[in-house]
>>> print(open('entry.pdb').read())   # PDB, C-alpha atoms
ATOM      1  CA  MET K   1       0.000   0.000   0.000
ATOM      2  CA  VAL K   2       2.903   2.324   0.728
ATOM      3  CA  ARG K   3       4.358   1.563  -2.704
ATOM      4  CA  ALA K   4       0.988   2.446  -4.264
ATOM      5  CA  LEU K   5       1.210   5.901  -2.592
ATOM      6  CA  ILE K   6       4.769   6.336  -3.834
ATOM      7  CA  THR K   7       3.728   5.414  -7.387
ATOM      8  CA  ALA K   8       0.801   7.854  -7.208
ATOM      9  CA  THR K   9       3.084  10.634  -5.928
ATOM     10  CA  GLU K  10       5.577  10.010  -8.730
ATOM     11  CA  ALA K  11       2.770  10.200 -11.305
ATOM     12  CA  LYS K  12       1.438  13.435  -9.791
ATOM     13  CA  THR K  13       4.880  15.010  -9.965
ATOM     14  CA  ALA K  14       5.303  13.788 -13.553
ATOM     15  CA  ALA K  15       2.011  15.465 -14.519
ATOM     16  CA  LEU K  16       3.165  18.764 -13.013
ATOM     17  CA  GLN K  17       6.526  18.508 -14.790
ATOM     18  CA  GLU K  18       4.923  17.662 -18.137
ATOM     19  CA  LEU K  19       2.797  20.792 -17.822
ATOM     20  CA  GLN K  20       5.783  22.870 -16.648
ATOM     21  CA  ALA K  21       3.682  24.001 -13.688
ATOM     22  CA  PRO K  22       5.543  26.820 -11.934
ATOM     23  CA  SER K  23       6.116  26.786  -8.203
ATOM     24  CA  ARG K  24       4.406  29.601  -6.339
ATOM     25  CA  TYR K  25       7.284  29.830  -3.891
ATOM     26  CA  SER K  26      10.429  29.690  -6.031
ATOM     27  CA  SER K  27      11.621  29.984  -9.617
ATOM     28  CA  GLY K  28      11.474  26.184  -9.865
ATOM     29  CA  LEU K  29       8.822  23.844 -11.130
ATOM     30  CA  ALA K  30       6.071  22.638  -8.812
ATOM     31  CA  THR K  31       6.202  19.099  -7.456
ATOM     32  CA  GLY K  32       2.924  19.321  -5.578
ATOM     33  CA  SER K  33       0.470  21.715  -4.009
ATOM     34  CA  GLY K  34      -0.939  22.520  -0.616
ATOM     35  CA  THR K  35      -4.142  20.684  -1.497
ATOM     36  CA  ASP K  36      -2.564  17.374  -2.539
ATOM     37  CA  GLY K  37      -3.992  14.287  -0.928
ATOM     38  CA  ALA K  38      -4.136  10.579  -1.563
ATOM     39  CA  ILE K  39      -5.600   7.482   0.006
ATOM     40  CA  VAL K  40      -5.240   3.809  -0.784
ATOM     41  CA  VAL K  41      -8.218   1.535  -0.323
ATOM     42  CA  SER K  42      -7.900  -2.231  -0.277
ATOM     43  CA  ASP K  43     -10.315  -5.064   0.277
ATOM     44  CA  ARG K  44      -8.470  -7.729   2.227
ATOM     45  CA  SER K  45     -11.369 -10.142   1.709
ATOM     46  CA  SER K  46     -10.985 -10.047  -2.082
ATOM     47  CA  PRO K  47      -9.803 -13.293  -3.735
ATOM     48  CA  ARG K  48      -7.448 -11.199  -5.905
ATOM     49  CA  THR K  49      -4.201 -10.163  -4.280
ATOM     50  CA  PHE K  50      -1.634  -7.748  -5.626
ATOM     51  CA  THR K  51       1.651  -7.759  -3.795
ATOM     52  CA  PHE K  52       3.502  -4.988  -5.615
ATOM     53  CA  ALA K  53       2.392  -1.590  -6.924
ATOM     54  CA  GLY K  54       5.748  -0.310  -8.189
ATOM     55  CA  ASN K  55       6.400   1.109 -11.637
ATOM     56  CA  HIS K  56       7.430  -2.270 -13.062
ATOM     57  CA  ALA K  57       4.213  -4.041 -12.101
ATOM     58  CA  LYS K  58       0.886  -3.893 -13.933
ATOM     59  CA  LEU K  59      -0.861  -2.443 -10.868
ATOM     60  CA  GLY K  60       1.774   0.290 -10.601
ATOM     61  CA  GLU K  61       1.453   1.032 -14.310
ATOM     62  CA  LEU K  62      -2.323   1.393 -13.952
ATOM     63  CA  ILE K  63      -1.997   3.593 -10.867
ATOM     64  CA  GLY K  64       0.562   5.786 -12.637
ATOM     65  CA  ARG K  65      -1.487   6.216 -15.810
ATOM     66  CA  THR K  66      -4.678   6.914 -13.868
ATOM     67  CA  VAL K  67      -3.092   9.467 -11.526
ATOM     68  CA  LEU K  68      -1.270  11.236 -14.380
ATOM     69  CA  ARG K  69      -4.511  11.637 -16.320
ATOM     70  CA  ALA K  70      -6.542  12.595 -13.224
ATOM     71  CA  VAL K  71      -4.035  15.231 -12.037
ATOM     72  CA  LYS K  72      -3.930  16.857 -15.466
ATOM     73  CA  GLU K  73      -7.722  16.905 -15.639
ATOM     74  CA  ALA K  74      -8.031  18.299 -12.107
ATOM     75  CA  LEU K  75      -5.457  21.025 -12.806
ATOM     76  CA  PHE K  76      -7.307  21.999 -15.961
ATOM     77  CA  ARG K  77     -10.674  22.129 -14.216
ATOM     78  CA  GLN K  78      -9.347  24.010 -11.189
ATOM     79  CA  THR K  79      -6.846  26.414 -12.773
ATOM     80  CA  GLY K  80      -7.077  26.073 -16.558
ATOM     81  CA  LEU K  81      -3.529  24.696 -16.684
ATOM     82  CA  CYS K  82      -3.058  22.753 -19.910
ATOM     83  CA  PRO K  83      -0.540  22.467 -22.767
ATOM     84  CA  GLU K  84      -2.314  25.184 -24.784
ATOM     85  CA  ARG K  85      -2.051  27.671 -21.920
ATOM     86  CA  GLN K  86       1.627  26.828 -21.452
ATOM     87  CA  TYR K  87       2.296  27.608 -25.131
ATOM     88  CA  ASP K  88       3.182  31.158 -24.169
ATOM     89  CA  VAL K  89       6.467  33.004 -23.679
ATOM     90  CA  PHE K  90       5.367  34.358 -20.306
ATOM     91  CA  ALA K  91       4.068  31.014 -19.045
ATOM     92  CA  ARG K  92       7.514  29.579 -19.765
ATOM     93  CA  LEU K  93       9.614  32.391 -18.265
ATOM     94  CA  GLY K  94       7.238  34.046 -15.794
ATOM     95  CA  ARG K  95       8.798  32.211 -12.864
ATOM     96  CA  TYR K  96      12.037  34.052 -13.685
ATOM     97  CA  GLY K  97      10.378  37.471 -13.836
ATOM     98  CA  VAL K  98       9.787  37.627 -17.593
ATOM     99  CA  THR K  99       6.178  38.811 -17.392
ATOM    100  CA  ARG K 100       3.701  40.830 -19.411
ATOM    101  CA  GLU K 101       3.621  43.381 -16.602
ATOM    102  CA  ALA K 102       7.392  43.859 -16.729
ATOM    103  CA  LEU K 103       7.221  44.626 -20.451
ATOM    104  CA  LEU K 104       4.134  46.821 -20.150
ATOM    105  CA  ARG K 105       6.064  48.981 -17.662
ATOM    106  CA  GLN K 106       8.543  49.573 -20.492
ATOM    107  CA  GLY K 107       5.755  51.089 -22.596
ATOM    108  CA  VAL K 108       5.329  48.309 -25.150
ATOM    109  CA  ASN K 109       2.198  47.848 -27.255
ATOM    110  CA  ALA K 110      -0.132  45.535 -25.296
ATOM    111  CA  LEU K 111      -1.792  44.115 -28.426
ATOM    112  CA  ARG K 112       1.555  43.388 -30.072
ATOM    113  CA  LEU K 113       2.734  41.802 -26.841
ATOM    114  CA  GLU K 114      -0.178  39.338 -26.904
ATOM    115  CA  GLU K 115       0.652  38.384 -30.508
ATOM    116  CA  LEU K 116       4.309  37.849 -29.610
ATOM    117  CA  SER K 117       3.532  35.775 -26.535
ATOM    118  CA  ARG K 118       2.306  32.886 -28.713
ATOM    119  CA  GLU K 119       4.645  33.263 -31.674
ATOM    120  CA  PRO K 120       6.048  29.747 -32.260
ATOM    121  CA  GLU K 121       9.704  30.736 -32.582
ATOM    122  CA  LEU K 122       9.576  32.893 -29.448
ATOM    123  CA  VAL K 123       7.759  30.230 -27.407
ATOM    124  CA  THR K 124      10.380  27.689 -28.443
ATOM    125  CA  ARG K 125      13.192  30.101 -27.598
ATOM    126  CA  ALA K 126      11.589  30.875 -24.221
ATOM    127  CA  ALA K 127      11.267  27.155 -23.420
ATOM    128  CA  LEU K 128      14.951  26.605 -24.224
ATOM    129  CA  TYR K 129      15.955  29.700 -22.279
ATOM    130  CA  ALA K 130      13.943  28.624 -19.216
ATOM    131  CA  HIS K 131      15.544  25.207 -19.310
ATOM    132  CA  LEU K 132      18.996  26.768 -19.442
ATOM    133  CA  LEU K 133      18.160  28.813 -16.344
ATOM    134  CA  ASP K 134      16.850  25.689 -14.612
ATOM    135  CA  GLU K 135      19.997  23.728 -15.473
ATOM    136  CA  LEU K 136      22.086  26.601 -14.116
ATOM    137  CA  ASN K 137      20.098  26.592 -10.862
ATOM    138  CA  TRP K 138      20.470  22.816 -10.550
ATOM    139  CA  GLY K 139      24.236  23.057 -11.048
ATOM    140  CA  LEU K 140      24.116  20.883 -14.175
ATOM    141  CA  LEU K 141      25.616  23.497 -16.502
ATOM    142  CA  LYS K 142      28.471  25.918 -15.950
ATOM    143  CA  GLU K 143      27.747  29.640 -15.787
ATOM    144  CA  ALA K 144      29.936  30.431 -18.808
ATOM    145  CA  ASP K 145      28.172  27.788 -20.914
ATOM    146  CA  VAL K 146      24.725  29.084 -19.971
ATOM    147  CA  ILE K 147      25.712  32.682 -20.719
ATOM    148  CA  GLU K 148      27.045  31.667 -24.132
ATOM    149  CA  ALA K 149      23.931  29.613 -24.937
ATOM    150  CA  CYS K 150      21.650  32.486 -23.867
ATOM    151  CA  ARG K 151      23.649  34.916 -26.029
ATOM    152  CA  ALA K 152      23.266  32.541 -28.977
ATOM    153  CA  LEU K 153      19.504  32.232 -28.468
ATOM    154  CA  LEU K 154      19.080  35.989 -28.223
ATOM    155  CA  GLY K 155      21.407  36.565 -31.174
ATOM    156  CA  ARG K 156      19.400  34.222 -33.394
ATOM    157  CA  ALA K 157      16.412  36.418 -32.636
ATOM    158  CA  GLY K 158      18.369  39.408 -33.872
ATOM    159  CA  ALA K 159      18.589  40.889 -30.400
ATOM    160  CA  ALA K 160      21.576  43.096 -29.686
ATOM    161  CA  VAL K 161      21.387  42.616 -25.922
ATOM    162  CA  GLN K 162      24.459  42.815 -23.760
ATOM    163  CA  ILE K 163      24.767  40.307 -20.943
ATOM    164  CA  SER K 164      26.983  41.774 -18.252
ATOM    165  CA  THR K 165      27.981  39.638 -15.303
ATOM    166  CA  ASP K 166      29.521  42.587 -13.427
ATOM    167  CA  SER K 167      26.334  43.064 -11.403
ATOM    168  CA  LYS K 168      25.828  41.688  -7.902
ATOM    169  CA  LYS K 169      22.466  40.291  -9.039
ATOM    170  CA  PRO K 170      22.043  36.533  -9.391
ATOM    171  CA  LEU K 171      22.957  35.328 -12.879
ATOM    172  CA  THR K 172      19.459  33.958 -13.529
ATOM    173  CA  GLU K 173      18.052  37.448 -12.869
ATOM    174  CA  ILE K 174      20.587  39.036 -15.235
ATOM    175  CA  LEU K 175      19.727  36.513 -17.954
ATOM    176  CA  ALA K 176      15.987  36.968 -17.440
ATOM    177  CA  GLU K 177      16.415  40.746 -17.806
ATOM    178  CA  ALA K 178      18.345  40.140 -21.041
ATOM    179  CA  PHE K 179      15.427  38.125 -22.408
ATOM    180  CA  LEU K 180      13.033  40.931 -21.441
ATOM    181  CA  GLN K 181      15.281  43.457 -23.213
ATOM    182  CA  SER K 182      15.213  41.312 -26.342
ATOM    183  CA  LEU K 183      11.402  41.268 -26.356
ATOM    184  CA  ALA K 184      10.853  44.999 -25.824
ATOM    185  CA  PRO K 185      11.794  46.169 -29.347
ATOM    186  CA  LEU K 186       9.650  43.434 -30.900
ATOM    187  CA  ALA K 187       6.567  44.626 -29.002
ATOM    188  CA  LYS K 188       6.816  48.322 -29.901
TER     189      LYS K 188
END
>>> encode(input="entry.pdb", output="structure tokens")
Amino acid sequence: MVRALITATEAKTAALQELQAPSRYSSGLATGSGTDGAIVVSDRSSPRTFTFAGNHAKLGELIGRTVLRAVKEALFRQTGLCPERQYDVFARLGRYGVTREALLRQGVNALRLEELSREPELVTRAALYAHLLDELNWGLLKEADVIEACRALLGRAGAAVQISTDSKKPLTEILAEAFLQSLAPLAK
């Protein structure tokens, strides 16, 4: 029964990761919520007995698939979170401070900003950029490599943004500001 709970928890976390659900408390991805809950019910009088509910057993597979589907449906019904909503520059980078509000404060055209937010090339670039920032935070990539990759992504967009590491700000904040700077001229 404990293994069934572990399998369900893994599936819930997988659903949140697949949707790139942002944490409300950090720049990371969510692994759960304050309203998560699970119970396991078993009928000990049943003639059928399952002794393992791990990922490599049929019962575990069924639990995982069911929880994954149920969590995604519940998130959609409760918050509207779904792949279509995540197909947005600001959904991808909002957890790093790249928001509509930040660009609107720079006096950009709100209607143009909405068009840009779902432009396929920009959404793809934002997804890659966010993942670079995540990998930097996780210590999986070196700072110099992330800076160079971010410069390349911004350069391919035709952005002439300088990334200066002389600031005392965290590098992820500097890189997020560079992405914002690259969007501003496009939204004028």
>>> closest_residue(input="entry.pdb", among="K:Ala15, K:Pro47, K:Thr35, K:Leu29", to="Gln78 in chain K", atoms="all atoms listed in the file")
K:Thr35
>>> residues_around(input="entry.pdb", residues="Leu171 in chain K", least_positions_apart="2", cutoff="10 Å", atoms="all atoms listed in the file", output="MDAnalysis selection string")
chainID K and resid 133 136:137 143 146:147 163:169 173:177
>>> atom_distance(input="entry.pdb", atom1="CA of Leu122 in chain K", atom2="CA of Ala184 in chain K")
12.7 Å
>>> residues_around(input="entry.pdb", residues="Thr49 in chain K", least_positions_apart="6", cutoff="12 Å", atoms="only C-alpha atoms", output="list in words")
Met1, Ser42, Asp43 and Leu59 of chain K
>>> closest_residue(input="entry.pdb", among="K:Lys188, K:Arg125, K:Leu180, K:Trp138", to="Arg156 in chain K", atoms="only C-alpha atoms")
K:Arg125
>>> residues_around(input="entry.pdb", residues="range 64-67 of chain K", least_positions_apart="5", cutoff="10 Å", atoms="all atoms listed in the file", output="number ranges by chain")
K: 4, 6-15, 53-55, 58-59, 72-73
>>> resolve_selection(input="entry.pdb", expression="the PyMOL selection byres ((chain K and resi 88-99) around 6)", output="number ranges by chain")
K: 27, 86-87, 100-102, 117-118, 123, 126-127, 130
>>> atom_distance(input="entry.pdb", atom1="CA of Arg151 in chain K", atom2="CA of Val108 in chain K")
22.7 Å
>>> residues_around(input="entry.pdb", residues="Leu132 in chain K", least_positions_apart="2", cutoff="8 Å", atoms="all atoms listed in the file", output="VMD selection string")
chain K and resid 128 to 130 134 to 136 141 146 149 to 150
>>> residues_near_point(input="entry.pdb", point="(6.2, 41.2, -32.4)", cutoff="9 Å", atoms="all atoms listed in the file", output="PyMOL selection string")
chain K and resi 112-117+119+183-188
>>> closest_residue(input="entry.pdb", among="K:Ala57, K:Leu111, K:Ala38, K:Leu103", to="Val71 in chain K", atoms="only C-alpha atoms")
K:Ala38
>>> closest_residue(input="entry.pdb", among="K:Ala30, K:Phe76, K:Leu68, K:Arg3", to="His56 in chain K", atoms="all atoms listed in the file")
K:Arg3
>>> atom_distance(input="entry.pdb", atom1="CA of Asp145 in chain K", atom2="CA of Val161 in chain K")
17.1 Å
>>> decode(input="entry.pdb", residues="range 2-24 of chain K", atoms="N, CA and C atoms", output="mmCIF file, in the first residue's frame")
data_model
loop_
_atom_site.group_PDB
_atom_site.id
_atom_site.type_symbol
_atom_site.label_atom_id
_atom_site.label_comp_id
_atom_site.auth_asym_id
_atom_site.auth_seq_id
_atom_site.Cartn_x
_atom_site.Cartn_y
_atom_site.Cartn_z
ATOM 1 N N VAL K 2 1.986 1.190 0.719
ATOM 2 C CA VAL K 2 2.903 2.324 0.728
ATOM 3 C C VAL K 2 3.464 2.532 -0.681
ATOM 4 N N ARG K 3 3.818 1.439 -1.340
ATOM 5 C CA ARG K 3 4.358 1.563 -2.704
ATOM 6 C C ARG K 3 3.321 2.156 -3.648
ATOM 7 N N ALA K 4 2.052 1.854 -3.440
ATOM 8 C CA ALA K 4 0.988 2.446 -4.264
ATOM 9 C C ALA K 4 0.966 3.963 -4.083
ATOM 10 N N LEU K 5 1.149 4.451 -2.841
ATOM 11 C CA LEU K 5 1.210 5.901 -2.592
ATOM 12 C C LEU K 5 2.431 6.525 -3.255
ATOM 13 N N ILE K 6 3.556 5.820 -3.189
ATOM 14 C CA ILE K 6 4.769 6.336 -3.834
ATOM 15 C C ILE K 6 4.564 6.437 -5.340
ATOM 16 N N THR K 7 3.980 5.413 -5.945
ATOM 17 C CA THR K 7 3.728 5.414 -7.387
ATOM 18 C C THR K 7 2.776 6.556 -7.758
ATOM 19 N N ALA K 8 1.748 6.760 -6.946
ATOM 20 C CA ALA K 8 0.801 7.854 -7.208
ATOM 21 C C ALA K 8 1.489 9.211 -7.098
ATOM 22 N N THR K 9 2.355 9.371 -6.106
ATOM 23 C CA THR K 9 3.084 10.634 -5.928
ATOM 24 C C THR K 9 4.018 10.896 -7.104
ATOM 25 N N GLU K 10 4.699 9.864 -7.563
ATOM 26 C CA GLU K 10 5.577 10.010 -8.730
ATOM 27 C C GLU K 10 4.772 10.438 -9.953
ATOM 28 N N ALA K 11 3.606 9.854 -10.150
ATOM 29 C CA ALA K 11 2.770 10.200 -11.305
ATOM 30 C C ALA K 11 2.253 11.638 -11.206
ATOM 31 N N LYS K 12 1.899 12.053 -9.983
ATOM 32 C CA LYS K 12 1.438 13.435 -9.791
ATOM 33 C C LYS K 12 2.545 14.422 -10.144
ATOM 34 N N THR K 13 3.742 14.138 -9.684
ATOM 35 C CA THR K 13 4.880 15.010 -9.965
ATOM 36 C C THR K 13 5.189 15.010 -11.460
ATOM 37 N N ALA K 14 5.076 13.863 -12.104
ATOM 38 C CA ALA K 14 5.303 13.788 -13.553
ATOM 39 C C ALA K 14 4.289 14.656 -14.297
ATOM 40 N N ALA K 15 3.042 14.641 -13.872
ATOM 41 C CA ALA K 15 2.011 15.465 -14.519
ATOM 42 C C ALA K 15 2.358 16.942 -14.398
ATOM 43 N N LEU K 16 2.789 17.364 -13.220
ATOM 44 C CA LEU K 16 3.165 18.764 -13.013
ATOM 45 C C LEU K 16 4.375 19.145 -13.863
ATOM 46 N N GLN K 17 5.343 18.242 -13.971
ATOM 47 C CA GLN K 17 6.526 18.508 -14.790
ATOM 48 C C GLN K 17 6.157 18.578 -16.269
ATOM 49 N N GLU K 18 5.314 17.653 -16.727
ATOM 50 C CA GLU K 18 4.923 17.662 -18.137
ATOM 51 C C GLU K 18 4.211 18.949 -18.514
ATOM 52 N N LEU K 19 3.500 19.528 -17.567
ATOM 53 C CA LEU K 19 2.797 20.792 -17.822
ATOM 54 C C LEU K 19 3.665 22.010 -17.516
ATOM 55 N N GLN K 20 4.894 21.773 -17.030
ATOM 56 C CA GLN K 20 5.783 22.870 -16.648
ATOM 57 C C GLN K 20 5.086 23.806 -15.669
ATOM 58 N N ALA K 21 4.400 23.219 -14.693
ATOM 59 C CA ALA K 21 3.682 24.001 -13.688
ATOM 60 C C ALA K 21 4.683 24.740 -12.808
ATOM 61 N N PRO K 22 4.582 26.061 -12.749
ATOM 62 C CA PRO K 22 5.543 26.820 -11.934
ATOM 63 C C PRO K 22 5.243 26.716 -10.447
ATOM 64 N N SER K 23 6.275 26.725 -9.650
ATOM 65 C CA SER K 23 6.116 26.786 -8.203
ATOM 66 C C SER K 23 5.633 28.186 -7.846
ATOM 67 N N ARG K 24 4.842 28.281 -6.817
ATOM 68 C CA ARG K 24 4.406 29.601 -6.339
ATOM 69 C C ARG K 24 5.393 30.195 -5.348
#
